[in-house]
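Novice: Supplied in structure tokens, the structure appears directly below.
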Amino acid sequence: MQNRKMGSGVEQKMENGEELASLLDVLPRVEFCCVYGSSLLTNSHDKKTMVDYILGVSDPMQWHSENLEMNKDHYASWMVHLGGSKLITEVADEIGVGVHFNPFVSWNDRMIKYGVVRMHDLVQDILNWERFYFSGRLQKPVHILVDNLDIRNVNSVNLKAAMSAALLLLPPKFTEVELYARICSLSYMGDLRMLFAEDRNKVQKIVKGQFNLFHSMYKPFLDDYAAKDLLRFSSWSDNHGIIIQTGTCIYHIIAYYRSPLRIMIRMVLLPYHSLLKDYGLSAAGSFVSSLPQTVRTRMGMKLGEKRKLAESGRTINEVVINSREEAAECMRKVVRRIVMVSSARQAIAGLLAAGGVNAVRYLARKMVKDWSSFSQDTSVTCSVIASFFFIGM
């Protein structure tokens, strides 16, 4: 029996959580497990929707060795016969981004796909965006089933970095929906799947279906940036309140009488309201400083670095920012490059791991989504070469 920790707080709460967790009873022990993807959308009740899992384990080769004894039919037959757990792990590490996916596994009348990753690689990607693969997944709502190493807490660094990156790319005024859409789109910038075999409305569908969960995830960071005068909240419709400005932050104040001589004030942050941000260099510097080391290092190579004395007394390198626009464009290119390389590597590894039949099945499902999202576009064209890019993603 796995040591389960059912999702709570910012993770998606699901009525069938126990059913989803039951898969773990027939797998070797894992240190981390979450469910992600379209199956979490509030309007998704289709049994045909594939359920996606990420499994974090301490030793992938040992885990696959045990799983081959328990569930050999989950794997592509050629990998089982030619190399077993050693080959499975080598393909994931040397060709892919450190994860092996078993797609189209039938379980409890559902079709599932699970990816197995080394815990060290999972943490490094969350903290540093080295491959921007798992970090991108965990910037969106997920349903955590097992969390023995407190990945939920580690992921707070990733969430703050994602918000900082999104704020750097957004215009001076935007809505919460636009903020979460920008965060959600970070992991798709440069993703080869978006060229041929992915639903072009995917980001909008994710944000619309899980807005409240995004709000719960990112509200602490919104509040933190508001406290630092980097954001202020403004211009929503409510007949019971007024807008007043305090310093550089605008809050929604609702005043009401508790007694004839006493006024109670309540500050309210409502969903779907507009946000304004400090659009100067100081704000851009704050956003860039919250980005992962991998991104800042690559930005520094392009924009230059300067040495700065940190509050701790340690000398650190800081990216030179001459303009917010220049910093935003540089960061966009850096992230796009990371995602593009990772998506290409994982696509090839996924094609090998899935085997020919499953590869065709997976591609067909993705292409249907792509075509349906362009049902009114007469200029859609696809290429056969796309089949090499979308398995195991």
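We name chains A, B, ... following the order of the structure tokens; residues begin at 1 in each chain, and ligands are numbered from 1 as shown.
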Sort by chain and increasing residue number a table of all residues of region 55-171 of chain A within 12 Å of region 223-231 of chain A, each with its closest pair of atoms and their distance in Å to one decimal, counting only C-alpha atoms, and write it as JSON lines.

Specialist:
{"residue": "A:Lys160", "atom": "CA", "partner": "A:Asp224", "partner_atom": "CA", "distance": 9.9}
{"residue": "A:Met163", "atom": "CA", "partner": "A:Tyr225", "partner_atom": "CA", "distance": 10.0}
{"residue": "A:Ser164", "atom": "CA", "partner": "A:Tyr225", "partner_atom": "CA", "distance": 9.6}
{"residue": "A:Leu167", "atom": "CA", "partner": "A:Leu231", "partner_atom": "CA", "distance": 9.6}
{"residue": "A:Leu168", "atom": "CA", "partner": "A:Leu230", "partner_atom": "CA", "distance": 11.4}

Novice: If you count only C-alpha atoms, which residues fall within 7 Å of Arg324 (chain A), apart from same-chain ones fewer than 5 positions away, as a PDB file with C-alpha atoms, in the first residue's frame?

Specialist:
ATOM      1  CA  GLY A 280       9.714  50.390 -14.826  1.00  0.00           C
ATOM      2  CA  LEU A 281      13.192  48.930 -14.656  1.00  0.00           C
ATOM      3  CA  ALA A 284      11.655  44.245 -14.286  1.00  0.00           C
TER       4      ALA A 284
END

Novice: Can you tell me, as a list in words, what residues are no more than 10 Å from Val295 (chain A) when counting only C-alpha atoms, ignoring any on the same chain fewer than 5 positions away?

Specialist: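 Residues near the query, excluding close chain neighbours: Asn128, Trp129, Glu130, Val288, Gly300, Cys330, Met331, Arg332, Val334, Val335 and Ile338 of chain A.
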
Novice: Residues of the last selection are to be written out with all heavy atoms, as a PDB file, in the first residue's frame.

Specialist:
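Written output follows (part.pdb):
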ATOM      1  N   ASN A 128      15.077  24.848 -11.075  1.00  0.00           N
ATOM      2  CA  ASN A 128      15.985  25.515 -12.017  1.00  0.00           C
ATOM      3  C   ASN A 128      15.499  25.623 -13.455  1.00  0.00           C
ATOM      4  O   ASN A 128      16.161  26.259 -14.274  1.00  0.00           O
ATOM      5  CB  ASN A 128      17.341  24.787 -12.005  1.00  0.00           C
ATOM      6  CG  ASN A 128      18.020  24.838 -10.653  1.00  0.00           C
ATOM      7  OD1 ASN A 128      18.018  25.866  -9.988  1.00  0.00           O
ATOM      8  ND2 ASN A 128      18.594  23.718 -10.230  1.00  0.00           N
ATOM      9  N   TRP A 129      14.377  24.976 -13.776  1.00  0.00           N
ATOM     10  CA  TRP A 129      13.868  24.985 -15.155  1.00  0.00           C
ATOM     11  C   TRP A 129      14.928  24.485 -16.133  1.00  0.00           C
ATOM     12  O   TRP A 129      15.038  24.982 -17.261  1.00  0.00           O
ATOM     13  CB  TRP A 129      13.406  26.373 -15.571  1.00  0.00           C
ATOM     14  CG  TRP A 129      12.211  26.891 -14.842  1.00  0.00           C
ATOM     15  CD1 TRP A 129      11.587  26.331 -13.771  1.00  0.00           C
ATOM     16  CD2 TRP A 129      11.470  28.085 -15.137  1.00  0.00           C
ATOM     17  NE1 TRP A 129      10.511  27.094 -13.374  1.00  0.00           N
ATOM     18  CE2 TRP A 129      10.418  28.189 -14.189  1.00  0.00           C
ATOM     19  CE3 TRP A 129      11.606  29.069 -16.095  1.00  0.00           C
ATOM     20  CZ2 TRP A 129       9.517  29.235 -14.186  1.00  0.00           C
ATOM     21  CZ3 TRP A 129      10.705  30.127 -16.093  1.00  0.00           C
ATOM     22  CH2 TRP A 129       9.667  30.211 -15.148  1.00  0.00           C
ATOM     23  N   GLU A 130      15.695  23.478 -15.725  1.00  0.00           N
ATOM     24  CA  GLU A 130      16.748  22.966 -16.591  1.00  0.00           C
ATOM     25  C   GLU A 130      16.182  22.411 -17.888  1.00  0.00           C
ATOM     26  O   GLU A 130      16.800  22.534 -18.947  1.00  0.00           O
ATOM     27  CB  GLU A 130      17.545  21.886 -15.850  1.00  0.00           C
ATOM     28  CG  GLU A 130      18.377  22.435 -14.702  1.00  0.00           C
ATOM     29  CD  GLU A 130      19.155  21.358 -13.986  1.00  0.00           C
ATOM     30  OE1 GLU A 130      18.936  20.157 -14.281  1.00  0.00           O
ATOM     31  OE2 GLU A 130      19.993  21.710 -13.136  1.00  0.00           O
ATOM     32  N   VAL A 288      12.987  39.534 -12.858  1.00  0.00           N
ATOM     33  CA  VAL A 288      14.110  38.738 -13.354  1.00  0.00           C
ATOM     34  C   VAL A 288      14.830  38.040 -12.205  1.00  0.00           C
ATOM     35  O   VAL A 288      15.252  36.875 -12.328  1.00  0.00           O
ATOM     36  CB  VAL A 288      15.091  39.616 -14.153  1.00  0.00           C
ATOM     37  CG1 VAL A 288      16.384  38.852 -14.467  1.00  0.00           C
ATOM     38  CG2 VAL A 288      14.454  40.087 -15.447  1.00  0.00           C
ATOM     39  N   GLY A 300      21.986  36.412 -18.714  1.00  0.00           N
ATOM     40  CA  GLY A 300      23.216  37.155 -18.441  1.00  0.00           C
ATOM     41  C   GLY A 300      24.226  37.013 -19.557  1.00  0.00           C
ATOM     42  O   GLY A 300      24.977  37.955 -19.865  1.00  0.00           O
ATOM     43  N   CYS A 330      14.374  38.742 -24.230  1.00  0.00           N
ATOM     44  CA  CYS A 330      15.478  37.828 -23.973  1.00  0.00           C
ATOM     45  C   CYS A 330      14.988  36.614 -23.191  1.00  0.00           C
ATOM     46  O   CYS A 330      15.337  35.472 -23.510  1.00  0.00           O
ATOM     47  CB  CYS A 330      16.585  38.551 -23.196  1.00  0.00           C
ATOM     48  SG  CYS A 330      18.029  37.517 -22.836  1.00  0.00           S
ATOM     49  N   MET A 331      14.182  36.839 -22.161  1.00  0.00           N
ATOM     50  CA  MET A 331      13.656  35.730 -21.370  1.00  0.00           C
ATOM     51  C   MET A 331      12.771  34.832 -22.224  1.00  0.00           C
ATOM     52  O   MET A 331      12.818  33.601 -22.110  1.00  0.00           O
ATOM     53  CB  MET A 331      12.854  36.253 -20.182  1.00  0.00           C
ATOM     54  CG  MET A 331      12.415  35.160 -19.218  1.00  0.00           C
ATOM     55  SD  MET A 331      10.869  35.533 -18.411  1.00  0.00           S
ATOM     56  CE  MET A 331       9.727  35.472 -19.791  1.00  0.00           C
ATOM     57  N   ARG A 332      11.957  35.441 -23.088  1.00  0.00           N
ATOM     58  CA  ARG A 332      11.082  34.664 -23.969  1.00  0.00           C
ATOM     59  C   ARG A 332      11.917  33.714 -24.844  1.00  0.00           C
ATOM     60  O   ARG A 332      11.576  32.530 -25.001  1.00  0.00           O
ATOM     61  CB  ARG A 332      10.269  35.598 -24.858  1.00  0.00           C
ATOM     62  CG  ARG A 332       9.206  34.876 -25.708  1.00  0.00           C
ATOM     63  CD  ARG A 332       8.761  35.753 -26.859  1.00  0.00           C
ATOM     64  NE  ARG A 332       8.313  37.051 -26.414  1.00  0.00           N
ATOM     65  CZ  ARG A 332       7.074  37.337 -26.025  1.00  0.00           C
ATOM     66  NH1 ARG A 332       6.161  36.389 -26.041  1.00  0.00           N
ATOM     67  NH2 ARG A 332       6.753  38.554 -25.643  1.00  0.00           N
ATOM     68  N   VAL A 334      14.961  32.588 -24.283  1.00  0.00           N
ATOM     69  CA  VAL A 334      15.621  31.579 -23.450  1.00  0.00           C
ATOM     70  C   VAL A 334      14.659  30.449 -23.112  1.00  0.00           C
ATOM     71  O   VAL A 334      14.982  29.261 -23.262  1.00  0.00           O
ATOM     72  CB  VAL A 334      16.181  32.217 -22.162  1.00  0.00           C
ATOM     73  CG1 VAL A 334      16.592  31.132 -21.161  1.00  0.00           C
ATOM     74  CG2 VAL A 334      17.375  33.111 -22.475  1.00  0.00           C
ATOM     75  N   VAL A 335      13.461  30.803 -22.657  1.00  0.00           N
ATOM     76  CA  VAL A 335      12.472  29.791 -22.284  1.00  0.00           C
ATOM     77  C   VAL A 335      12.029  28.998 -23.509  1.00  0.00           C
ATOM     78  O   VAL A 335      11.896  27.767 -23.461  1.00  0.00           O
ATOM     79  CB  VAL A 335      11.264  30.440 -21.583  1.00  0.00           C
ATOM     80  CG1 VAL A 335      10.141  29.416 -21.371  1.00  0.00           C
ATOM     81  CG2 VAL A 335      11.683  31.044 -20.250  1.00  0.00           C
ATOM     82  N   ILE A 338      14.634  26.386 -24.355  1.00  0.00           N
ATOM     83  CA  ILE A 338      14.619  25.255 -23.421  1.00  0.00           C
ATOM     84  C   ILE A 338      13.462  24.318 -23.737  1.00  0.00           C
ATOM     85  O   ILE A 338      13.622  23.094 -23.803  1.00  0.00           O
ATOM     86  CB  ILE A 338      14.520  25.751 -21.964  1.00  0.00           C
ATOM     87  CG1 ILE A 338      15.761  26.549 -21.572  1.00  0.00           C
ATOM     88  CG2 ILE A 338      14.349  24.572 -21.008  1.00  0.00           C
ATOM     89  CD1 ILE A 338      15.677  27.202 -20.208  1.00  0.00           C
TER      90      ILE A 338
END

Novice: With distances taken over only C-alpha atoms, which residue among A:Leu213, A:Leu179, A:Phe174, A:Val207 lies nearest Ser234 (chain A)?

Specialist: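 Using only C-alpha atoms, the shortest distance to Ser234 (chain A) belongs to A:Phe174.
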
Novice: Pull the closest atom pair for each residue of region 65-114 of chain A that gets at most 9 Å from region 341-357 of chain A, along with the distance in Å to one decimal, counting only C-alpha atoms, ordering rows by chain and then ascending residue number, as a Markdown table.

Specialist:
| residue | atom | partner | partner_atom | distance |
| --- | --- | --- | --- | --- |
| A:Tyr75 | CA | A:Ala354 | CA | 7.4 |
| A:Ala76 | CA | A:Gly355 | CA | 5.4 |
| A:Ser77 | CA | A:Gly355 | CA | 7.7 |
| A:Trp78 | CA | A:Gly355 | CA | 7.7 |
| A:Met79 | CA | A:Ala353 | CA | 7.3 |
| A:Ile88 | CA | A:Ala353 | CA | 7.5 |
| A:Val91 | CA | A:Ala349 | CA | 6.2 |
| A:Ala92 | CA | A:Ala349 | CA | 6.3 |
| A:Glu94 | CA | A:Ala349 | CA | 8.9 |
| A:Ile95 | CA | A:Ala349 | CA | 5.7 |
| A:Gly96 | CA | A:Gln346 | CA | 4.3 |
| A:Val97 | CA | A:Gln346 | CA | 5.8 |
| A:Gly98 | CA | A:Gln346 | CA | 8.5 |
| A:Val99 | CA | A:Gln346 | CA | 8.1 |
| A:His100 | CA | A:Ala353 | CA | 7.1 |
| A:Phe101 | CA | A:Gly350 | CA | 6.7 |
| A:Asn102 | CA | A:Ala354 | CA | 6.6 |
| A:Pro103 | CA | A:Ala354 | CA | 6.6 |
| A:Phe104 | CA | A:Ala354 | CA | 8.8 |

Novice: Give me the residues within 7 Å of Glu318 (chain A) as a PDB file with C-alpha atoms, in the first residue's frame, counting only C-alpha atoms and dropping any in the same chain fewer than 3 places off.

Specialist:
ATOM      1  CA  GLU A 305      25.978  40.704 -15.852  1.00  0.00           C
ATOM      2  CA  LYS A 306      27.102  42.941 -13.025  1.00  0.00           C
ATOM      3  CA  ARG A 307      28.260  42.006  -9.564  1.00  0.00           C
ATOM      4  CA  LYS A 308      26.079  43.005  -6.638  1.00  0.00           C
TER       5      LYS A 308
END
